[in-house]
There are 2 protein chains.
Amino acid sequence: MSTTRLIALDWGTTSLRAYRLGDNGAVLDKRGLPWGIMNLPSVDASDGDGSRHAGFVKAFDEACGDWLRDTSGTPVIAAGMVGSAQGWREAAYVDMPLAVAEVGKQLTRVDVSGGLVLHIVPGLLQRGHLPNVIRGEETQVVGILESLQGDAEVLIGLPGTHSKWVRVQERRMTHFDTFMTGEVYAVLSQHTILGRTMDRDGEPDHAAFERGLRVAQTEEGRAGVLSTIFSSRTLGLVGELGPRSQPDYLSGLLIGHEIAALKSTREAAGCAPSPHIILIGDDKLCARYQTALNLYGLHLNGIDIAAQATETGLWKIALQAGLLS
Amino acid sequence: MSTTRLIALDWGTTSLRAYRLGDNGAVLDKRGLPWGIMNLPSVDASDGDGSRHAGFVKAFDEACGDWLRDTSGTPVIAAGMVGSAQGWREAAYVDMPLAVAEVGKQLTRVDVSGGLVLHIVPGLLQRGHLPNVIRGEETQVVGILESLQGDAEVLIGLPGTHSKWVRVQERRMTHFDTFMTGEVYAVLSQHTILGRTMDRDGEPDHAAFERGLRVAQTEEGRAGVLSTIFSSRTLGLVGELGPRSQPDYLSGLLIGHEIAALKSTREAAGCAPSPHIILIGDDKLCARYQTALNLYGLHLNGIDIAAQATETGLWKIALQAGLLS
């Protein structure tokens with residue numbers, strides 16, 4: 001077995017992914033567990049707080065206890081909601097803007113047991129009229145950026161339940177936006193009248209998706225997403241959009257509004273109209289966003305789709321922090 | 001007992017309101033029942049369709065059977081979802097634009113029993129790239145408009161689960177918009193991460209509401225509602241907005257986006273910047289919209305709040321249809 005250099009944990013709300021990394025961050029082993037911070041394993045303990053700590057310890061042990069017993073003294077690092085107020089220990093947000101190389105300078109330590117320490121990566125806070133936060137995605141940004149050369153602007157898109165768009169200029173994270181597109185799609189299709197006429201068991205309908213994408217750039221799109229979403233139902237009422245096409249239409253409509261808004265905020269901030277874009281996330285979702293970016297003309301300097309951003313980022317942050325000798 | 005001239009039913013998805021109207025449409029009696037079209041009383045019947053018809057008949061009888069037995073031959077009219085595809089009989093949508101005086105020319109007849117006929121008011125359909133529909137609100141518009149003099153533009157706002165804004169020019173309904181603001185508010189606060197930090201049991205927080213209202217007109221508001229809603233959570237994370245303030249903040253934020261979009265679509269259509277506005281709906285909700293309209297400068301030609309729009313509208317439509325001799 002190759003030498004273990006770092007144990008890296010991607011510890012979110014609903015799942016926990018563990019990586020055993022070797023020389024130069026090579027992935028030697030990995031595993032996924034259901035022990036997200038809102039879904040810890042149960043343990044016997046008399047008081048509530050102790051039980052919660054014990055739950056984290058048990059999840060931690062299942063994730064990487066055997067690896068650590070094989071190679072004692074290996075450093076352990078984690079990113080994600082494990083560092084939130086609802087996590088194991090709050091890893092306070094670090095203010096934006098922040099150099100990509102500085103993320104590892106402010107890790108939070110948790111004493112696990114027997115001298116073992118877990119290092120948690122901080123989230124990022126963008127202060128302002130409407131504050132904004134990131135927790136977990138900063139690690140993916142580090143993972144991407146450390147392997148890129150040059151100081152040119154890069155726009156990193158992380159589509160998902162909450163889409164994040166991180167602007168990196170001269171290797172500093174200077175701005176980010178959050179769009180609750182994935183979560184809004186889920187509740188609209190599951191809990192509103194729009195879902196009642198939908199059949200979500202069909203094959204993907206690309207034409208319906210693209211039809212939805214275009215809405216935000218039409219004259220009617222000016223009425224905004226609170227208004228345009230109703231068309232998912234009304235196009236059905238007039239026979240233009242069948243029940244199996246409505247889910248993809250609504251998905252496209254929301255993503256289109258997101259990309260149109262992203263473009264508008266970039267214009268207002270005086271940014272380059274079409275930066276180099278890197279997408280990180282689920283392949284199918286990234287493909288949807290790529291289509292949207294093409295349609296809205298944000299593709300001119302290239303769109304790349306990145307993989308392994310989290311484990312690479314955790315390795316790079318551990319290096320920044322001096323955890324790897 | 002004064003003479004009954006018309007039985008008027010406001011028959012929606014979740015409730016049924018019945019009015020006994022006398023000379024000149026005076027309300028002699030009224031009652032509310034829980035028998036919305038998705039909540040009909042159960043009846044014994046062997047087949048499904050027959051059972052559904054029987055459920056409508058039973059609800060109808062409970063709503064106004066005694067009134068009809070007292071004054072046989074009284075005409076009966078209904079508006080609302082009872083005329084939808086899921087209702088008793090589909091009252092096909094009538095195309096926009098439509099003169100307010102013409103709504104009663106296309107009623108749909110349902111044979112109830114024993115020669116008794118129910119007349120159902122049609123909904124309105126606005127065709128186009130994104131079609132739009134109204135069912136029930138057209139009756140309220142008639143109720144308001146028939147008592148107004150002159151041909152000046154009137155903008156009628158009907159806030160609720162789905163807000164409707166109906167533009168009336170020269171006594172014709174020329175355009176309407178739908179915003180799913182109320183339903184989106186409900187699902188965001190009940191089913192997303194935004195609800196998790198909210199305490200919805202507090203007193204109304206007007207300052208938080210107005211703070212939310214302003215968001216759509218700020219630079220950050222440019223990112224659109226999919227992005228700005230996240231601030232309901234992040235303002236909490238940074239200690240600027242307590243759990244009891246977040247519901248009203250989010251309510252204001254959504255209503256602000258609605259009114260900003262309404263203003264923008266009116267400008268794009270070349271409409272007067274500040275028409276005479278009439279609001280119909282729940283008093284507290286109308287007060288919220290009035291505050292929003294003031295903030296966005298749409299109040300300059302007056303905002304009125306109307307009552308009894310539905311029963312007046314049903315009376316006027318029955319007159320248009322020749323049901324009242």
# chains A, B, ... in the order shown; residues from 1 in each chain; ligands from 1
call {"tool": "residues_around", "arguments": {"residues": "Val117 of chain B", "least_positions_apart": "2", "cutoff": "10 Å", "atoms": "only C-alpha atoms", "output": "tab-separated table (two decimals) with C-alpha atoms, in the first residue's frame"}}
result
chain	number	residue	atom	x	y	z
B	73	GLY	CA	-87.02	30.29	-10.77
B	74	THR	CA	-84.28	32.51	-9.38
B	75	PRO	CA	-81.28	32.49	-11.73
B	76	VAL	CA	-77.99	31.12	-10.41
B	77	ILE	CA	-74.52	32.22	-11.52
B	108	THR	CA	-71.58	28.10	-19.80
B	109	ARG	CA	-74.73	26.27	-18.69
B	110	VAL	CA	-74.80	23.30	-16.34
B	111	ASP	CA	-78.05	21.34	-15.83
B	112	VAL	CA	-78.12	20.80	-12.09
B	113	SER	CA	-81.37	18.84	-11.67
B	114	GLY	CA	-85.08	19.29	-12.21
B	115	GLY	CA	-84.63	22.00	-14.87
B	119	HIS	CA	-74.49	29.66	-15.37
B	120	ILE	CA	-70.69	29.69	-15.15
call {"tool": "interface_residues", "arguments": {"of": "chain B", "to": "chain A", "cutoff": "7 Å", "atoms": "only C-alpha atoms", "output": "list in words"}}
result
Leu130, Pro131, Asn132, Val133, Thr178, Phe179, Met180, Thr181, Glu183, Val187, His191, Thr192, Arg222, Ala223, Gly224, Leu226, Ser227, Phe230, Ser231, Thr234, Leu235, Ala261, Leu262 and Thr265 of chain B
call {"tool": "atom_distance", "arguments": {"atom1": "atom CA of Met198 of chain B", "atom2": "atom CA of Ile37 of chain A"}}
result
20.1 Å
call {"tool": "closest_residue", "arguments": {"among": "A:Val100, A:Leu279, A:Ala207, A:Ala92", "to": "Glu146 of chain A", "atoms": "only C-alpha atoms"}}
result
A:Val100
call {"tool": "residues_around", "arguments": {"residues": "segment 5-22 of chain B", "least_positions_apart": "4", "cutoff": "8 Å", "atoms": "only C-alpha atoms", "output": "ChimeraX atom specification"}}
result
/B:26-39,63-64,67,74-82,136,310-311,314-315,324
call {"tool": "residues_around", "arguments": {"residues": "Ile278 of chain B", "least_positions_apart": "4", "cutoff": "7 Å", "atoms": "only C-alpha atoms", "output": "number ranges by chain"}}
result
B: 155-157, 303-306
call {"tool": "residues_around", "arguments": {"residues": "Ala91 of chain A", "least_positions_apart": "2", "cutoff": "8 Å", "atoms": "only C-alpha atoms", "output": "list in words"}}
result
Gly83, Ser84, Arg89, Tyr93, Leu107, Thr108, Ile120, Val121, Pro122 and Gly123 of chain A
call {"tool": "atom_distance", "arguments": {"atom1": "atom CA of Leu241 of chain B", "atom2": "atom CA of Arg288 of chain B"}}
result
19.6 Å
call {"tool": "select_by_dssp", "arguments": {"residues": "segment 46-126 of chain B", "states": "strand (DSSP E)", "output": "list in words"}}
result
Val76, Ile77, Ala78, Ala79, Val94, Asp95, Leu98, Ala99, Thr108, Arg109, Val110, Asp111, Val112, Ser113, Leu116, Val117, Leu118, His119, Ile120, Leu124, Leu125 and Gln126 of chain B
call {"tool": "write_last_selection", "arguments": {"atoms": "C-alpha atoms", "output": "compact mmCIF listing (two decimals), in the first residue's frame"}}
result
# COMPACT_ATOMS: atom_id res chain seq x y z
CA VAL B 76 -77.99 31.12 -10.41
CA ILE B 77 -74.52 32.22 -11.52
CA ALA B 78 -71.04 31.10 -10.47
CA ALA B 79 -67.46 32.20 -11.06
CA VAL B 94 -62.41 33.82 -23.64
CA ASP B 95 -59.61 35.59 -25.50
CA LEU B 98 -62.22 41.92 -23.83
CA ALA B 99 -64.62 44.75 -23.07
CA THR B 108 -71.58 28.10 -19.80
CA ARG B 109 -74.73 26.27 -18.69
CA VAL B 110 -74.80 23.30 -16.34
CA ASP B 111 -78.05 21.34 -15.83
CA VAL B 112 -78.12 20.80 -12.09
CA SER B 113 -81.37 18.84 -11.67
CA LEU B 116 -82.39 24.06 -12.65
CA VAL B 117 -79.50 25.67 -14.54
CA LEU B 118 -76.21 27.03 -13.21
CA HIS B 119 -74.49 29.66 -15.37
CA ILE B 120 -70.69 29.69 -15.15
CA LEU B 124 -59.84 34.88 -19.70
CA LEU B 125 -56.92 33.79 -21.86
CA GLN B 126 -54.15 36.11 -22.99
call {"tool": "atom_distance", "arguments": {"atom1": "atom CA of Gly256 of chain B", "atom2": "atom CA of Ile134 of chain B"}}
result
22.4 Å
